>>> print(open('final30.txt').read())   # compact mmCIF, C-alpha atoms
# COMPACT_ATOMS: atom_id res chain seq x y z
CA MET A 1 -25.48 -76.24 202.87
CA ARG A 2 -23.19 -78.24 200.60
CA VAL A 3 -21.81 -76.53 197.48
CA LEU A 4 -19.79 -78.32 194.77
CA PHE A 5 -17.61 -76.33 192.36
CA VAL A 6 -16.24 -78.25 189.36
CA GLY A 7 -13.10 -76.91 187.66
CA ASP A 8 -12.73 -75.97 183.99
CA ILE A 9 -14.50 -78.51 181.73
CA VAL A 10 -12.16 -79.17 178.78
CA GLY A 11 -13.55 -80.73 175.61
CA ARG A 12 -15.27 -84.04 175.09
CA ALA A 13 -13.24 -85.89 177.73
CA GLY A 14 -14.31 -83.37 180.36
CA ARG A 15 -17.95 -83.50 179.32
CA LYS A 16 -17.96 -87.31 179.36
CA ILE A 17 -16.53 -87.73 182.84
CA LEU A 18 -18.84 -84.99 184.09
CA ARG A 19 -21.86 -86.91 182.78
CA GLU A 20 -20.59 -90.09 184.44
CA LYS A 21 -19.46 -88.73 187.80
CA LEU A 22 -21.40 -85.59 188.67
CA GLY A 23 -24.61 -87.36 189.71
CA PRO A 24 -22.89 -89.91 191.99
CA VAL A 25 -20.66 -87.24 193.55
CA CYS A 26 -23.63 -85.00 194.31
CA HIS A 27 -25.67 -87.90 195.69
CA SER A 28 -22.95 -89.34 197.93
CA ASN A 29 -22.01 -85.90 199.31
CA ASN A 30 -25.55 -84.50 199.73
CA VAL A 31 -24.77 -81.57 197.44
CA ASP A 32 -27.34 -78.76 197.46
CA PHE A 33 -25.85 -76.48 194.80
CA THR A 34 -23.48 -77.06 191.86
CA ILE A 35 -21.31 -74.63 189.87
CA LEU A 36 -19.22 -75.46 186.78
CA ASN A 37 -16.58 -73.46 184.95
CA VAL A 38 -17.43 -74.09 181.27
CA GLU A 39 -15.16 -71.78 179.25
CA ASN A 40 -13.32 -74.69 177.55
CA ALA A 41 -16.26 -77.05 177.18
CA ALA A 42 -16.73 -76.84 173.39
CA GLY A 43 -13.66 -78.37 171.80
CA GLY A 44 -11.48 -76.62 174.35
CA PHE A 45 -12.62 -73.15 173.30
CA GLY A 46 -15.80 -71.55 174.60
CA ILE A 47 -19.25 -73.04 174.93
CA THR A 48 -22.29 -73.66 172.73
CA ARG A 49 -25.93 -73.48 173.68
CA LYS A 50 -26.33 -77.25 173.13
CA ILE A 51 -23.52 -78.06 175.55
CA GLY A 52 -24.71 -75.53 178.11
CA GLU A 53 -28.23 -76.91 178.11
CA GLU A 54 -26.85 -80.42 178.50
CA PHE A 55 -25.02 -79.26 181.63
CA MET A 56 -28.18 -77.66 183.02
CA ARG A 57 -30.01 -80.98 182.57
CA LEU A 58 -27.40 -82.53 184.86
CA HIS A 59 -28.86 -80.31 187.61
CA VAL A 60 -26.09 -77.74 187.41
CA ASP A 61 -27.21 -74.48 188.98
CA VAL A 62 -24.70 -71.91 187.63
CA MET A 63 -22.02 -71.93 184.92
CA THR A 64 -19.00 -69.62 185.16
CA SER A 65 -16.31 -68.93 182.56
CA GLY A 66 -13.26 -66.80 181.74
CA ASN A 67 -11.22 -65.39 178.88
CA HIS A 68 -12.05 -68.26 176.49
CA ILE A 69 -15.81 -67.69 176.73
CA TRP A 70 -15.49 -65.39 173.70
CA ASP A 71 -13.76 -68.00 171.49
CA ASN A 72 -17.02 -69.49 170.26
CA PRO A 73 -19.29 -66.91 168.56
CA GLU A 74 -22.39 -68.77 169.73
CA ALA A 75 -21.56 -67.77 173.31
CA PHE A 76 -22.50 -64.15 172.62
CA SER A 77 -26.17 -64.93 172.07
CA TYR A 78 -26.19 -67.67 174.70
CA LEU A 79 -24.91 -65.26 177.35
CA GLU A 80 -27.88 -63.03 176.60
CA ALA A 81 -30.36 -65.91 176.77
CA GLN A 82 -29.08 -67.83 179.81
CA PRO A 83 -28.75 -65.75 183.02
CA MET A 84 -27.11 -68.66 184.83
CA LEU A 85 -24.14 -68.53 182.42
CA LEU A 86 -21.66 -65.92 183.65
CA ARG A 87 -18.67 -64.19 182.11
CA PRO A 88 -16.10 -62.15 184.06
CA GLU A 89 -17.66 -58.95 185.34
CA ASN A 90 -14.60 -56.76 184.79
CA TYR A 91 -14.71 -56.78 180.98
CA PRO A 92 -15.51 -53.35 179.49
CA PRO A 93 -19.18 -52.26 179.33
CA GLY A 94 -21.28 -53.20 176.32
CA LEU A 95 -20.54 -56.92 176.13
CA PRO A 96 -23.38 -59.42 176.50
CA GLY A 97 -24.03 -61.28 179.72
CA SER A 98 -23.28 -60.60 183.35
CA GLY A 99 -20.58 -61.35 185.89
CA SER A 100 -22.96 -62.25 188.71
CA CYS A 101 -26.25 -63.93 189.42
CA LEU A 102 -28.51 -64.93 192.26
CA ALA A 103 -29.74 -68.51 192.17
CA THR A 104 -31.72 -70.70 194.56
CA SER A 105 -30.64 -74.10 195.84
CA GLU A 106 -32.92 -77.13 195.94
CA THR A 107 -33.50 -76.38 199.63
CA GLY A 108 -34.54 -72.80 198.91
CA ILE A 109 -31.34 -71.02 199.93
CA ALA A 110 -30.30 -68.00 197.86
CA VAL A 111 -26.76 -68.24 196.52
CA GLY A 112 -24.87 -65.39 194.88
CA VAL A 113 -22.20 -66.29 192.31
CA ILE A 114 -19.56 -63.86 191.03
CA ASN A 115 -17.20 -64.34 188.08
CA LEU A 116 -14.03 -62.20 187.79
CA GLN A 117 -10.86 -62.30 185.69
CA GLY A 118 -7.32 -61.47 186.76
CA ARG A 119 -4.96 -58.99 185.09
CA VAL A 120 -1.47 -60.32 185.90
CA PHE A 121 -0.02 -62.11 182.81
CA MET A 122 -3.42 -61.72 181.12
CA ASN A 123 -5.08 -59.16 178.85
CA PRO A 124 -5.64 -55.82 180.61
CA LEU A 125 -9.14 -55.42 181.99
CA ASP A 126 -10.93 -53.28 184.54
CA CYS A 127 -9.91 -53.82 188.17
CA PRO A 128 -11.29 -57.16 189.48
CA PHE A 129 -10.95 -56.02 193.09
CA ARG A 130 -13.17 -52.98 192.60
CA ALA A 131 -15.63 -55.06 190.59
CA ALA A 132 -15.72 -57.60 193.41
CA GLU A 133 -16.39 -54.89 195.98
CA LYS A 134 -19.34 -53.56 194.01
CA LEU A 135 -20.93 -56.96 193.33
CA VAL A 136 -20.51 -58.19 196.89
CA GLU A 137 -22.23 -55.09 198.20
CA GLU A 138 -25.15 -55.67 195.82
CA LEU A 139 -25.51 -59.39 196.57
CA LYS A 140 -25.19 -58.93 200.34
CA GLU A 141 -28.60 -57.25 200.29
CA LYS A 142 -30.10 -60.58 199.18
CA THR A 143 -27.89 -63.35 200.62
CA ASP A 144 -24.86 -64.07 202.78
CA VAL A 145 -23.84 -67.09 200.67
CA ILE A 146 -21.58 -65.78 197.89
CA ILE A 147 -19.16 -67.84 195.79
CA VAL A 148 -16.46 -66.15 193.69
CA ASP A 149 -14.79 -67.77 190.66
CA PHE A 150 -11.57 -65.81 190.16
CA HIS A 151 -10.25 -66.76 186.74
CA ALA A 152 -6.60 -65.72 186.90
CA GLU A 153 -3.08 -66.77 185.96
CA ALA A 154 -0.93 -65.58 188.87
CA THR A 155 -1.13 -67.37 192.20
CA SER A 156 -0.23 -64.12 193.95
CA GLU A 157 -3.21 -62.31 192.44
CA LYS A 158 -5.54 -65.14 193.40
CA MET A 159 -4.24 -65.16 196.96
CA ALA A 160 -4.61 -61.38 197.13
CA MET A 161 -8.27 -61.71 196.12
CA GLY A 162 -8.79 -64.36 198.80
CA TRP A 163 -7.46 -62.09 201.53
CA PHE A 164 -9.28 -59.07 200.09
CA LEU A 165 -12.64 -60.85 200.31
CA ASP A 166 -12.03 -62.86 203.50
CA GLY A 167 -15.10 -62.52 205.69
CA LYS A 168 -17.08 -60.83 202.91
CA VAL A 169 -17.88 -63.91 200.80
CA SER A 170 -18.22 -67.65 201.40
CA ALA A 171 -15.50 -68.75 198.97
CA VAL A 172 -12.87 -67.49 196.55
CA LEU A 173 -12.02 -70.28 194.09
CA GLY A 174 -9.25 -69.96 191.52
CA THR A 175 -9.63 -71.26 187.97
CA HIS A 176 -7.82 -70.90 184.61
CA THR A 177 -4.44 -72.63 185.04
CA HIS A 178 -5.98 -76.14 184.82
CA VAL A 179 -3.57 -77.44 187.48
CA PRO A 180 -5.21 -78.44 190.78
CA THR A 181 -3.55 -77.01 193.88
CA ALA A 182 -3.40 -78.53 197.37
CA ASP A 183 -3.83 -75.29 199.35
CA ASN A 184 -7.55 -75.47 200.05
CA ARG A 185 -8.18 -73.83 203.42
CA ILE A 186 -10.52 -71.64 205.45
CA LEU A 187 -9.14 -68.12 205.85
CA PRO A 188 -9.31 -66.49 209.32
CA SER A 189 -12.63 -64.71 208.82
CA GLY A 190 -14.46 -67.74 207.38
CA THR A 191 -13.90 -67.61 203.61
CA ALA A 192 -12.94 -70.83 201.80
CA TYR A 193 -9.99 -70.50 199.42
CA VAL A 194 -8.11 -72.58 196.85
CA THR A 195 -5.63 -71.25 194.29
CA ASP A 196 -6.88 -73.49 191.48
CA VAL A 197 -9.66 -76.04 191.42
CA GLY A 198 -8.03 -77.76 188.43
CA MET A 199 -9.57 -78.91 185.19
CA THR A 200 -12.08 -81.60 184.37
CA GLY A 201 -10.64 -83.21 181.28
CA ALA A 202 -7.77 -85.34 179.96
CA TYR A 203 -4.66 -85.27 182.16
CA ASP A 204 -2.41 -87.06 179.63
CA SER A 205 -2.06 -83.69 177.96
CA ILE A 206 -0.66 -80.18 178.24
CA ILE A 207 -3.37 -78.46 180.29
CA GLY A 208 -6.02 -80.41 178.38
CA MET A 209 -4.61 -80.14 174.86
CA GLN A 210 -2.93 -82.91 172.86
CA VAL A 211 0.80 -83.03 173.57
CA GLU A 212 1.73 -83.38 169.90
CA THR A 213 -0.06 -80.14 168.96
CA ALA A 214 0.96 -78.10 172.02
CA LEU A 215 4.61 -79.16 172.43
CA PRO A 216 5.99 -77.54 169.21
CA ARG A 217 5.09 -74.09 170.53
CA PHE A 218 7.61 -74.63 173.36
CA LEU A 219 10.26 -76.27 171.17
CA ASN A 220 10.42 -73.80 168.29
CA GLY A 221 8.13 -70.91 169.19
CA ILE A 222 5.51 -71.68 166.56
CA SER A 223 2.72 -74.17 166.11
CA ARG A 224 1.01 -74.70 162.75
CA ALA A 225 -1.43 -77.23 164.16
CA ARG A 226 -4.65 -76.13 165.80
CA PHE A 227 -4.80 -77.12 169.44
CA GLU A 228 -7.06 -80.11 169.96
CA PRO A 229 -8.37 -81.39 173.31
CA ALA A 230 -6.74 -84.61 174.50
CA SER A 231 -8.67 -87.70 175.58
CA GLY A 232 -6.35 -89.80 177.76
CA ASN A 233 -6.65 -90.20 181.52
CA PRO A 234 -9.80 -88.12 182.11
CA ARG A 235 -10.33 -86.73 185.60
CA LEU A 236 -12.94 -84.66 187.37
CA CYS A 237 -11.49 -81.99 189.66
CA SER A 238 -13.69 -80.14 192.13
CA VAL A 239 -13.99 -78.74 195.62
CA LEU A 240 -16.80 -79.42 198.07
CA MET A 241 -17.73 -76.78 200.64
CA ASP A 242 -19.93 -76.86 203.70
CA ILE A 243 -21.37 -73.36 204.21
CA ASN A 244 -23.48 -71.95 207.03
CA PRO A 245 -26.38 -70.28 205.18
CA GLY A 246 -27.16 -68.06 208.16
CA THR A 247 -23.74 -66.41 208.28
CA GLY A 248 -22.28 -67.20 204.84
CA LYS A 249 -19.13 -68.49 206.51
CA CYS A 250 -17.58 -71.72 205.26
CA ASN A 251 -17.11 -74.57 207.73
CA SER A 252 -14.93 -76.71 205.46
CA ILE A 253 -13.51 -77.08 201.96
CA GLU A 254 -12.15 -80.35 200.59
CA ARG A 255 -10.98 -81.54 197.21
CA VAL A 256 -13.07 -84.11 195.35
CA ASP A 257 -10.91 -85.41 192.50
CA LEU A 258 -11.85 -88.56 190.57
>>> encode(input="final30.txt", output="structure tokens")
Amino acid sequence: MRVLFVGDIVGRAGRKILREKLGPVCHSNNVDFTILNVENAAGGFGITRKIGEEFMRLHVDVMTSGNHIWDNPEAFSYLEAQPMLLRPENYPPGLPGSGSCLATSETGIAVGVINLQGRVFMNPLDCPFRAAEKLVEELKEKTDVIIVDFHAEATSEKMAMGWFLDGKVSAVLGTHTHVPTADNRILPSGTAYVTDVGMTGAYDSIIGMQVETALPRFLNGISRARFEPASGNPRLCSVLMDINPGTGKCNSIERVDL
């Protein structure tokens, strides 16, 4: 089966190029199942129900997220209402939503999706490795095709998760840094890996935000202006995987960047 994972959608520019390019990409590559990271979709911070439902109408199967999912208050109720919208599993108990789901592709194949968040250079959370172990064990009872979105800052932590889950899941895909990496590969036991899928948004920017609002923070340590998503040079960044549904092992992973 063919699975497409689209990196962090950032603001209006990201939503626009997604609307324009997702359908043709899926059609030309015979995509069976599509996953988006949506934590920056609403003005660069969080997601709204309206935007999420628009994505689902584009035949998106599952939406993942990360630390910015909580930036928009509307996400709290939307997480409760939409089981195909995930937030990182390793947040403390009591928060709305879930860090995993089981969905079905157009061809009837069950696909497990897991969302985790890293701890290195990020807010302290429960252990993502132990959370991954638990969720993989649960999903393995229902499917061998399991995709992990590991939303983390440090490349070392992402690589560690890839090796930790090699042979246990179909793919470990890094998100969060918004910078696409060129290290997509199949690990020895059949798990696809990439350190960061990259963002879908404006690349004439500082990780999706307008240069003029983001740059002062680096020049003088403060920024009075609210960060605003940029609009110039929009790109869609994604990875396309070919997965054996019988074994869950990945045959190939390639970048699809437009």
>>> closest_atom_pairs(input="final30.txt", of="stretch 43-134 of chain A", to="stretch 246-250 of chain A", cutoff="12 Å", atoms="all atoms listed in the file", output="CSV")
residue,atom,partner,partner_atom,distance
A:Ile109,CA,A:Gly246,CA,9.7
A:Ala110,CA,A:Gly248,CA,10.7
A:Val111,CA,A:Gly248,CA,9.5
A:Gly112,CA,A:Gly248,CA,10.4
>>> residues_near_point(input="final30.txt", point="(-10.9, -86.0, 176.7)", cutoff="8 Å", atoms="only C-alpha atoms", output="ChimeraX atom specification")
/A:10-16,201-202,208,229-234
>>> residues_around(input="final30.txt", residues="A:Thr177", least_positions_apart="5", cutoff="12 Å", atoms="all atoms listed in the file", output="ChimeraX atom specification")
/A:7-8,10,40,66-67,118,121-122,150-155,158,195-200,206-208
>>> atom_distance(input="final30.txt", atom1="atom CA of A:Arg255", atom2="atom CA of A:Asp32")
16.6 Å
>>> residues_around(input="final30.txt", residues="A:Val6", least_positions_apart="2", cutoff="12 Å", atoms="all atoms listed in the file", output="ChimeraX atom specification")
/A:3-4,8-10,14-15,17-18,21-22,25-26,33-38,55,60-65,149,173-175,178,180,196-201,235-241,255-258
>>> atom_distance(input="final30.txt", atom1="atom CA of A:Ala225", atom2="atom CA of A:Pro124")
27.3 Å
>>> closest_residue(input="final30.txt", among="A:His59, A:Glu53, A:Lys142, A:Glu39", to="A:Leu86", atoms="all atoms listed in the file")
A:Glu39
